[in-house]
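Pasted below: input21.cif, mmCIF, C-alpha atoms; chains and numbers go by the auth columns.
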data_upload
#
loop_
_atom_site.group_PDB
_atom_site.id
_atom_site.type_symbol
_atom_site.label_atom_id
_atom_site.label_comp_id
_atom_site.label_asym_id
_atom_site.label_seq_id
_atom_site.Cartn_x
_atom_site.Cartn_y
_atom_site.Cartn_z
_atom_site.B_iso_or_equiv
_atom_site.auth_seq_id
_atom_site.auth_asym_id
ATOM 1 C CA PRO A 1 56.192 69.519 13.665 0.00 14 A
ATOM 2 C CA LYS A 2 57.334 73.140 13.650 0.00 15 A
ATOM 3 C CA PRO A 3 59.095 74.664 16.678 0.00 16 A
ATOM 4 C CA GLY A 4 56.526 75.644 19.277 0.00 17 A
ATOM 5 C CA HIS A 5 54.122 72.947 18.002 0.00 18 A
ATOM 6 C CA PRO A 6 52.501 71.058 20.927 0.00 19 A
ATOM 7 C CA GLN A 7 53.782 67.679 19.674 0.00 20 A
ATOM 8 C CA LYS A 8 57.377 68.879 19.501 0.00 21 A
ATOM 9 C CA ASP A 9 57.084 70.520 22.928 0.00 22 A
ATOM 10 C CA ILE A 10 55.769 67.292 24.484 0.00 23 A
ATOM 11 C CA ILE A 11 58.503 65.185 22.879 0.00 24 A
ATOM 12 C CA LYS A 12 61.133 67.630 24.114 0.00 25 A
ATOM 13 C CA ALA A 13 59.658 67.572 27.641 0.00 26 A
ATOM 14 C CA LEU A 14 59.546 63.763 27.694 0.00 27 A
ATOM 15 C CA LEU A 15 63.146 63.476 26.523 0.00 28 A
ATOM 16 C CA GLU A 16 64.205 65.979 29.165 0.00 29 A
ATOM 17 C CA GLN A 17 62.298 64.017 31.828 0.00 30 A
ATOM 18 C CA VAL A 18 64.091 60.799 30.900 0.00 31 A
ATOM 19 C CA ARG A 19 67.448 62.583 30.674 0.00 32 A
ATOM 20 C CA THR A 20 66.994 64.123 34.133 0.00 33 A
ATOM 21 C CA ALA A 21 65.867 60.855 35.711 0.00 34 A
ATOM 22 C CA VAL A 22 68.814 58.957 34.252 0.00 35 A
ATOM 23 C CA TRP A 23 71.381 61.577 35.269 0.00 36 A
ATOM 24 C CA GLU A 24 70.001 61.753 38.824 0.00 37 A
ATOM 25 C CA ALA A 25 69.820 57.964 39.183 0.00 38 A
ATOM 26 C CA ASP A 26 72.411 55.655 40.651 0.00 39 A
ATOM 27 C CA ILE A 27 71.022 52.686 38.692 0.00 40 A
ATOM 28 C CA VAL A 28 68.858 52.551 35.563 0.00 41 A
ATOM 29 C CA LEU A 29 66.274 49.892 34.781 0.00 42 A
ATOM 30 C CA PHE A 30 65.828 50.047 31.006 0.00 43 A
ATOM 31 C CA VAL A 31 62.443 48.444 30.298 0.00 44 A
ATOM 32 C CA VAL A 32 61.364 47.083 26.903 0.00 45 A
ATOM 33 C CA ASP A 33 58.263 45.199 25.781 0.00 46 A
ATOM 34 C CA GLY A 34 59.502 41.668 25.090 0.00 47 A
ATOM 35 C CA ARG A 35 56.647 40.981 22.678 0.00 48 A
ATOM 36 C CA LEU A 36 57.811 43.710 20.299 0.00 49 A
ATOM 37 C CA ASP A 37 60.957 44.421 18.327 0.00 50 A
ATOM 38 C CA ILE A 38 63.351 47.172 19.342 0.00 51 A
ATOM 39 C CA SER A 39 61.875 50.477 18.202 0.00 52 A
ATOM 40 C CA HIS A 40 63.120 53.951 17.384 0.00 53 A
ATOM 41 C CA GLU A 41 61.806 55.063 20.805 0.00 54 A
ATOM 42 C CA ASP A 42 63.906 52.350 22.487 0.00 55 A
ATOM 43 C CA GLU A 43 66.957 53.608 20.586 0.00 56 A
ATOM 44 C CA LEU A 44 66.320 57.231 21.681 0.00 57 A
ATOM 45 C CA ALA A 45 66.067 56.217 25.332 0.00 58 A
ATOM 46 C CA LEU A 46 69.043 53.881 24.998 0.00 59 A
ATOM 47 C CA GLU A 47 71.200 56.747 23.715 0.00 60 A
ATOM 48 C CA LEU A 48 70.425 58.747 26.865 0.00 61 A
ATOM 49 C CA VAL A 49 71.138 55.746 29.082 0.00 62 A
ATOM 50 C CA ARG A 50 74.478 54.980 27.420 0.00 63 A
ATOM 51 C CA LYS A 51 75.650 58.590 27.722 0.00 64 A
ATOM 52 C CA SER A 52 75.027 58.512 31.477 0.00 65 A
ATOM 53 C CA GLY A 53 77.610 55.822 32.200 0.00 66 A
ATOM 54 C CA LYS A 54 75.354 54.535 35.009 0.00 67 A
ATOM 55 C CA PRO A 55 74.863 50.840 35.776 0.00 68 A
ATOM 56 C CA VAL A 56 71.976 49.557 33.634 0.00 69 A
ATOM 57 C CA LEU A 57 69.789 46.480 33.986 0.00 70 A
ATOM 58 C CA LEU A 58 67.856 45.523 30.860 0.00 71 A
ATOM 59 C CA VAL A 59 64.336 44.442 31.821 0.00 72 A
ATOM 60 C CA VAL A 60 62.410 42.589 29.100 0.00 73 A
ATOM 61 C CA ASN A 61 58.835 42.864 30.358 0.00 74 A
ATOM 62 C CA LYS A 62 55.453 41.470 29.310 0.00 75 A
ATOM 63 C CA LEU A 63 56.715 37.909 28.904 0.00 76 A
ATOM 64 C CA ASP A 64 53.713 36.473 30.705 0.00 77 A
ATOM 65 C CA GLN A 65 54.390 32.845 29.760 0.00 78 A
ATOM 66 C CA VAL A 66 57.637 31.167 30.830 0.00 79 A
ATOM 67 C CA GLU A 67 57.863 29.741 27.290 0.00 80 A
ATOM 68 C CA MET A 68 58.285 33.329 26.055 0.00 81 A
ATOM 69 C CA PHE A 69 61.397 33.929 28.190 0.00 82 A
ATOM 70 C CA GLN A 70 63.774 32.850 25.397 0.00 83 A
ATOM 71 C CA ARG A 71 62.516 35.925 23.495 0.00 84 A
ATOM 72 C CA ALA A 72 64.594 38.000 25.916 0.00 85 A
ATOM 73 C CA ASN A 73 67.763 36.747 24.187 0.00 86 A
ATOM 74 C CA ASP A 74 66.842 38.880 21.160 0.00 87 A
ATOM 75 C CA PHE A 75 67.581 41.944 23.275 0.00 88 A
ATOM 76 C CA TYR A 76 71.279 41.141 23.738 0.00 89 A
ATOM 77 C CA ALA A 77 71.594 43.181 20.530 0.00 90 A
ATOM 78 C CA LEU A 78 71.077 46.358 22.584 0.00 91 A
ATOM 79 C CA GLY A 79 74.529 45.844 24.086 0.00 92 A
ATOM 80 C CA LEU A 80 73.394 46.256 27.705 0.00 93 A
ATOM 81 C CA GLY A 81 74.471 42.820 28.846 0.00 94 A
ATOM 82 C CA GLU A 82 72.191 40.127 30.177 0.00 95 A
ATOM 83 C CA PRO A 83 68.489 40.807 29.626 0.00 96 A
ATOM 84 C CA TYR A 84 66.182 40.000 32.552 0.00 97 A
ATOM 85 C CA PRO A 85 62.900 38.495 31.284 0.00 98 A
ATOM 86 C CA VAL A 86 59.964 39.321 33.546 0.00 99 A
ATOM 87 C CA SER A 87 56.249 39.651 33.735 0.00 100 A
ATOM 88 C CA ALA A 88 55.751 42.604 36.077 0.00 101 A
ATOM 89 C CA ILE A 89 52.032 41.951 36.184 0.00 102 A
ATOM 90 C CA ASN A 90 52.363 38.443 37.630 0.00 103 A
ATOM 91 C CA GLY A 91 55.908 38.478 39.035 0.00 104 A
ATOM 92 C CA LYS A 92 57.423 35.789 36.816 0.00 105 A
ATOM 93 C CA GLY A 93 61.186 36.207 36.493 0.00 106 A
ATOM 94 C CA SER A 94 61.363 38.956 39.099 0.00 107 A
ATOM 95 C CA GLY A 95 63.696 36.942 41.352 0.00 108 A
ATOM 96 C CA ASP A 96 66.638 37.073 38.929 0.00 109 A
ATOM 97 C CA LEU A 97 66.019 40.768 38.278 0.00 110 A
ATOM 98 C CA LEU A 98 65.905 41.545 41.997 0.00 111 A
ATOM 99 C CA ASP A 99 69.111 39.538 42.584 0.00 112 A
ATOM 100 C CA ALA A 100 70.857 41.589 39.881 0.00 113 A
ATOM 101 C CA LEU A 101 69.415 44.811 41.306 0.00 114 A
ATOM 102 C CA VAL A 102 70.657 43.916 44.801 0.00 115 A
ATOM 103 C CA GLU A 103 74.142 43.278 43.369 0.00 116 A
ATOM 104 C CA SER A 104 74.056 46.657 41.583 0.00 117 A
ATOM 105 C CA ILE A 105 72.921 48.302 44.816 0.00 118 A
ATOM 106 C CA ARG A 106 75.859 46.725 46.677 0.00 119 A
ATOM 107 C CA GLU A 107 78.243 48.149 44.093 0.00 120 A
ATOM 108 C CA VAL A 108 76.624 51.597 44.288 0.00 121 A
ATOM 109 C CA ASN A 109 76.753 51.470 48.104 0.00 122 A
ATOM 110 C CA GLU A 110 80.469 50.675 47.958 0.00 123 A
ATOM 111 C CA GLN A 111 81.032 53.646 45.652 0.00 124 A
ATOM 112 C CA GLN A 112 78.932 55.918 47.864 0.00 125 A
ATOM 113 C CA THR A 113 80.849 54.780 50.941 0.00 126 A
ATOM 114 C CA MET A 114 84.114 55.762 49.250 0.00 127 A
ATOM 115 C CA LEU A 115 82.580 59.122 48.300 0.00 128 A
ATOM 116 C CA LEU A 116 81.321 59.660 51.866 0.00 129 A
ATOM 117 C CA GLU A 117 84.857 59.124 53.094 0.00 130 A
ATOM 118 C CA ASP A 118 85.871 61.898 50.705 0.00 131 A
ATOM 119 C CA GLU A 119 82.814 63.951 51.852 0.00 132 A
ATOM 120 C CA GLU A 120 81.494 64.311 48.302 0.00 133 A
ATOM 121 C CA ALA A 121 78.257 62.320 48.572 0.00 134 A
ATOM 122 C CA ASP A 122 75.126 64.057 49.840 0.00 135 A
ATOM 123 C CA SER A 123 72.810 61.090 50.403 0.00 136 A
ATOM 124 C CA ASP A 124 72.851 57.378 51.094 0.00 137 A
ATOM 125 C CA GLN A 125 69.570 56.989 49.216 0.00 138 A
ATOM 126 C CA ILE A 126 69.797 54.759 46.130 0.00 139 A
ATOM 127 C CA LYS A 127 68.006 56.305 43.149 0.00 140 A
ATOM 128 C CA VAL A 128 66.679 53.910 40.504 0.00 141 A
ATOM 129 C CA ALA A 129 65.364 55.395 37.240 0.00 142 A
ATOM 130 C CA ILE A 130 62.878 53.227 35.350 0.00 143 A
ATOM 131 C CA VAL A 131 62.953 54.260 31.701 0.00 144 A
ATOM 132 C CA GLY A 132 61.646 53.031 28.360 0.00 145 A
ATOM 133 C CA ARG A 133 59.021 53.905 25.810 0.00 146 A
ATOM 134 C CA PRO A 134 55.339 54.193 26.790 0.00 147 A
ATOM 135 C CA ASN A 135 53.308 51.111 27.680 0.00 148 A
ATOM 136 C CA VAL A 136 56.215 48.731 28.315 0.00 149 A
ATOM 137 C CA GLY A 137 55.129 48.257 31.938 0.00 150 A
ATOM 138 C CA LYS A 138 57.358 50.714 33.818 0.00 151 A
ATOM 139 C CA SER A 139 54.624 51.665 36.294 0.00 152 A
ATOM 140 C CA THR A 140 53.547 48.045 36.774 0.00 153 A
ATOM 141 C CA LEU A 141 57.178 47.141 37.457 0.00 154 A
ATOM 142 C CA THR A 142 57.417 50.015 39.962 0.00 155 A
ATOM 143 C CA ASN A 143 54.299 48.783 41.783 0.00 156 A
ATOM 144 C CA SER A 144 55.617 45.224 41.739 0.00 157 A
ATOM 145 C CA MET A 145 58.910 46.316 43.302 0.00 158 A
ATOM 146 C CA VAL A 146 57.149 48.371 45.968 0.00 159 A
ATOM 147 C CA GLY A 147 54.620 45.624 46.678 0.00 160 A
ATOM 148 C CA GLU A 148 51.573 47.863 46.416 0.00 161 A
ATOM 149 C CA GLN A 149 49.632 50.003 43.932 0.00 162 A
ATOM 150 C CA ARG A 150 51.516 53.311 44.219 0.00 163 A
ATOM 151 C CA VAL A 151 51.458 54.311 40.537 0.00 164 A
ATOM 152 C CA ILE A 152 48.362 54.295 38.321 0.00 165 A
ATOM 153 C CA THR A 153 48.589 51.639 35.617 0.00 166 A
ATOM 154 C CA SER A 154 46.502 51.073 32.520 0.00 167 A
ATOM 155 C CA SER A 155 46.717 49.336 29.166 0.00 168 A
ATOM 156 C CA ILE A 156 46.247 52.789 27.618 0.00 169 A
ATOM 157 C CA PRO A 157 49.625 54.143 26.460 0.00 170 A
ATOM 158 C CA GLY A 158 50.577 57.427 28.096 0.00 171 A
ATOM 159 C CA THR A 159 48.820 56.909 31.430 0.00 172 A
ATOM 160 C CA THR A 160 51.957 58.164 33.198 0.00 173 A
ATOM 161 C CA ARG A 161 52.418 61.755 32.021 0.00 174 A
ATOM 162 C CA ASP A 162 55.102 62.942 34.444 0.00 175 A
ATOM 163 C CA ALA A 163 57.994 61.375 36.325 0.00 176 A
ATOM 164 C CA ILE A 164 56.706 59.893 39.563 0.00 177 A
ATOM 165 C CA ASP A 165 59.042 59.470 42.522 0.00 178 A
ATOM 166 C CA VAL A 166 58.271 56.642 44.921 0.00 179 A
ATOM 167 C CA GLN A 167 60.129 56.546 48.243 0.00 180 A
ATOM 168 C CA VAL A 168 60.788 53.049 49.591 0.00 181 A
ATOM 169 C CA LYS A 169 62.636 51.837 52.671 0.00 182 A
ATOM 170 C CA GLN A 170 63.895 48.262 52.706 0.00 183 A
ATOM 171 C CA GLY A 171 65.703 47.405 55.924 0.00 184 A
ATOM 172 C CA ASP A 172 68.149 50.234 56.551 0.00 185 A
ATOM 173 C CA GLN A 173 68.341 51.278 52.899 0.00 186 A
ATOM 174 C CA ASP A 174 66.307 54.152 51.439 0.00 187 A
ATOM 175 C CA PHE A 175 65.372 54.015 47.759 0.00 188 A
ATOM 176 C CA LEU A 176 63.855 56.473 45.351 0.00 189 A
ATOM 177 C CA LEU A 177 62.197 54.815 42.339 0.00 190 A
ATOM 178 C CA ILE A 178 61.789 57.286 39.478 0.00 191 A
ATOM 179 C CA ASP A 179 59.053 56.081 37.103 0.00 192 A
ATOM 180 C CA THR A 180 59.248 58.105 33.888 0.00 193 A
ATOM 181 C CA ALA A 181 56.552 58.725 31.310 0.00 194 A
ATOM 182 C CA GLY A 182 58.706 57.416 28.489 0.00 195 A
ATOM 183 C CA ILE A 183 59.577 58.573 25.007 0.00 196 A
ATOM 184 C CA ARG A 184 56.855 58.730 22.384 0.00 197 A
ATOM 185 C CA ARG A 185 57.149 58.571 18.637 0.00 198 A
ATOM 186 C CA ARG A 186 56.241 61.927 17.079 0.00 199 A
ATOM 187 C CA GLY A 187 53.190 60.543 15.298 0.00 200 A
ATOM 188 C CA LYS A 188 51.885 59.030 18.529 0.00 201 A
ATOM 189 C CA VAL A 189 51.801 62.248 20.544 0.00 202 A
ATOM 190 C CA GLU A 190 48.434 63.946 20.513 0.00 203 A
ATOM 191 C CA SER A 191 48.235 67.705 20.721 0.00 204 A
ATOM 192 C CA GLY A 192 45.914 69.621 22.969 0.00 205 A
#
Once you've parsed the file, please lay out its structure as structure tokens.
Amino acid sequence: PKPGHPQKDIIKALLEQVRTAVWEADIVLFVVDGRLDISHEDELALELVRKSGKPVLLVVNKLDQVEMFQRANDFYALGLGEPYPVSAINGKGSGDLLDALVESIREVNEQQTMLLEDEEADSDQIKVAIVGRPNVGKSTLTNSMVGEQRVITSSIPGTTRDAIDVQVKQGDQDFLLIDTAGIRRRGKVESG
């Protein structure tokens, strides 16, 4: 599309949304659809995530049958370390993901504590960006982590149009979950 074309403007806005969420986050959950191969959209989002230097957990979602969990091994190729196979819709595999997230949070808290001692940190809130292409289950994962329906979910790609911030308090720790709309392929973005 030509500059100023609605499709190009939407793609640019979505990329900027993901970029902002990742740069503001302390931890990134990079979510992929485990039933599908790695796509160009995954690669675009992955480039933004890698540039951030933030801790990243690779979430391989939509593996609704335990027998499908070995499919997660295919995603080692992304170079993000251990993939965490889950089914956000029914909670399968979420225990290992949450254990890894808690460990990442501990590490971030240690870093923030050192920064607080140097008076450079402005908040003890942990910010978790949830990124990936549309319809991989980012909003369902957000709801699953919060334990209630806070973000609208649908099987229709593109239900989430803007980044949605969800405040959560667990014990003494405050969290901000940033659910992004995701990156769309140019041909999949509708104008108007």
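Remark: for Asp50 of chain A, the closest of the candidate residues A:Arg84, A:Lys151, A:Arg119, A:Lys182 is A:Arg84 (distances computed over all atoms listed in the file).
Using only C-alpha atoms, the nearest neighbour of Leu61 of chain A within the list A:Val115, A:Leu28, A:Ala90, A:Leu110 is A:Leu28.
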* Nearby residues (all atoms listed in the file) at most 6 Å from segment 30-39 of chain A, same-chain spacing under 6 positions excluded, as an MDAnalysis selection string -> chainID A and resid 140:142
* From the list A:Leu42, A:Ser100, A:Gly106, A:Leu57, which residue is nearest Asp192 of chain A when using all atoms listed in the file? -> A:Leu42
* Selected by the PyMOL selection byres ((chain A and resi 94) around 12) in the shown coordinates: which residues, as a ChimeraX atom specification? -> /A:43,68-72,85-93,95-97,113
* Structure fact -> For Gly145 of chain A, the closest of A:Leu189, A:Ile102, A:Val73, A:Val44 counting all atoms listed in the file is A:Val44
* Work out how far atom CA of Gly47 of chain A is from atom CA of Arg146 of chain A, in Å to one decimal. => 12.3 Å
* Would you please work out which residue, of A:Met81, A:Met158, A:Val149, A:Ile191, is nearest to Leu114 of chain A when using all atoms listed in the file? =>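 Checking each of A:Met81, A:Met158, A:Val149, A:Ile191 against Leu114 of chain A, counting all atoms listed in the file, the winner is A:Met158.
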* To do: Please indicate the distance in Å from atom CA of Ala101 of chain A to atom CA of Pro147 of chain A, rounded to one decimal place.
  => 14.9 Å
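Coordinates place atom CA of Asp187 of chain A at a distance of 26.0 Å from atom CA of Val45 of chain A.
With distances restricted to only C-alpha atoms, A:Ile139 is the closest residue to Asn122 of chain A from A:Ile139, A:Asp109, A:Val179, A:Leu27.
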* Carefully work through the PyMOL selection byres ((chain A and resi 77) around 9) for this structure and note down the residues it includes, as a PyMOL selection string. => chain A and resi 74-76+78-82+99-105
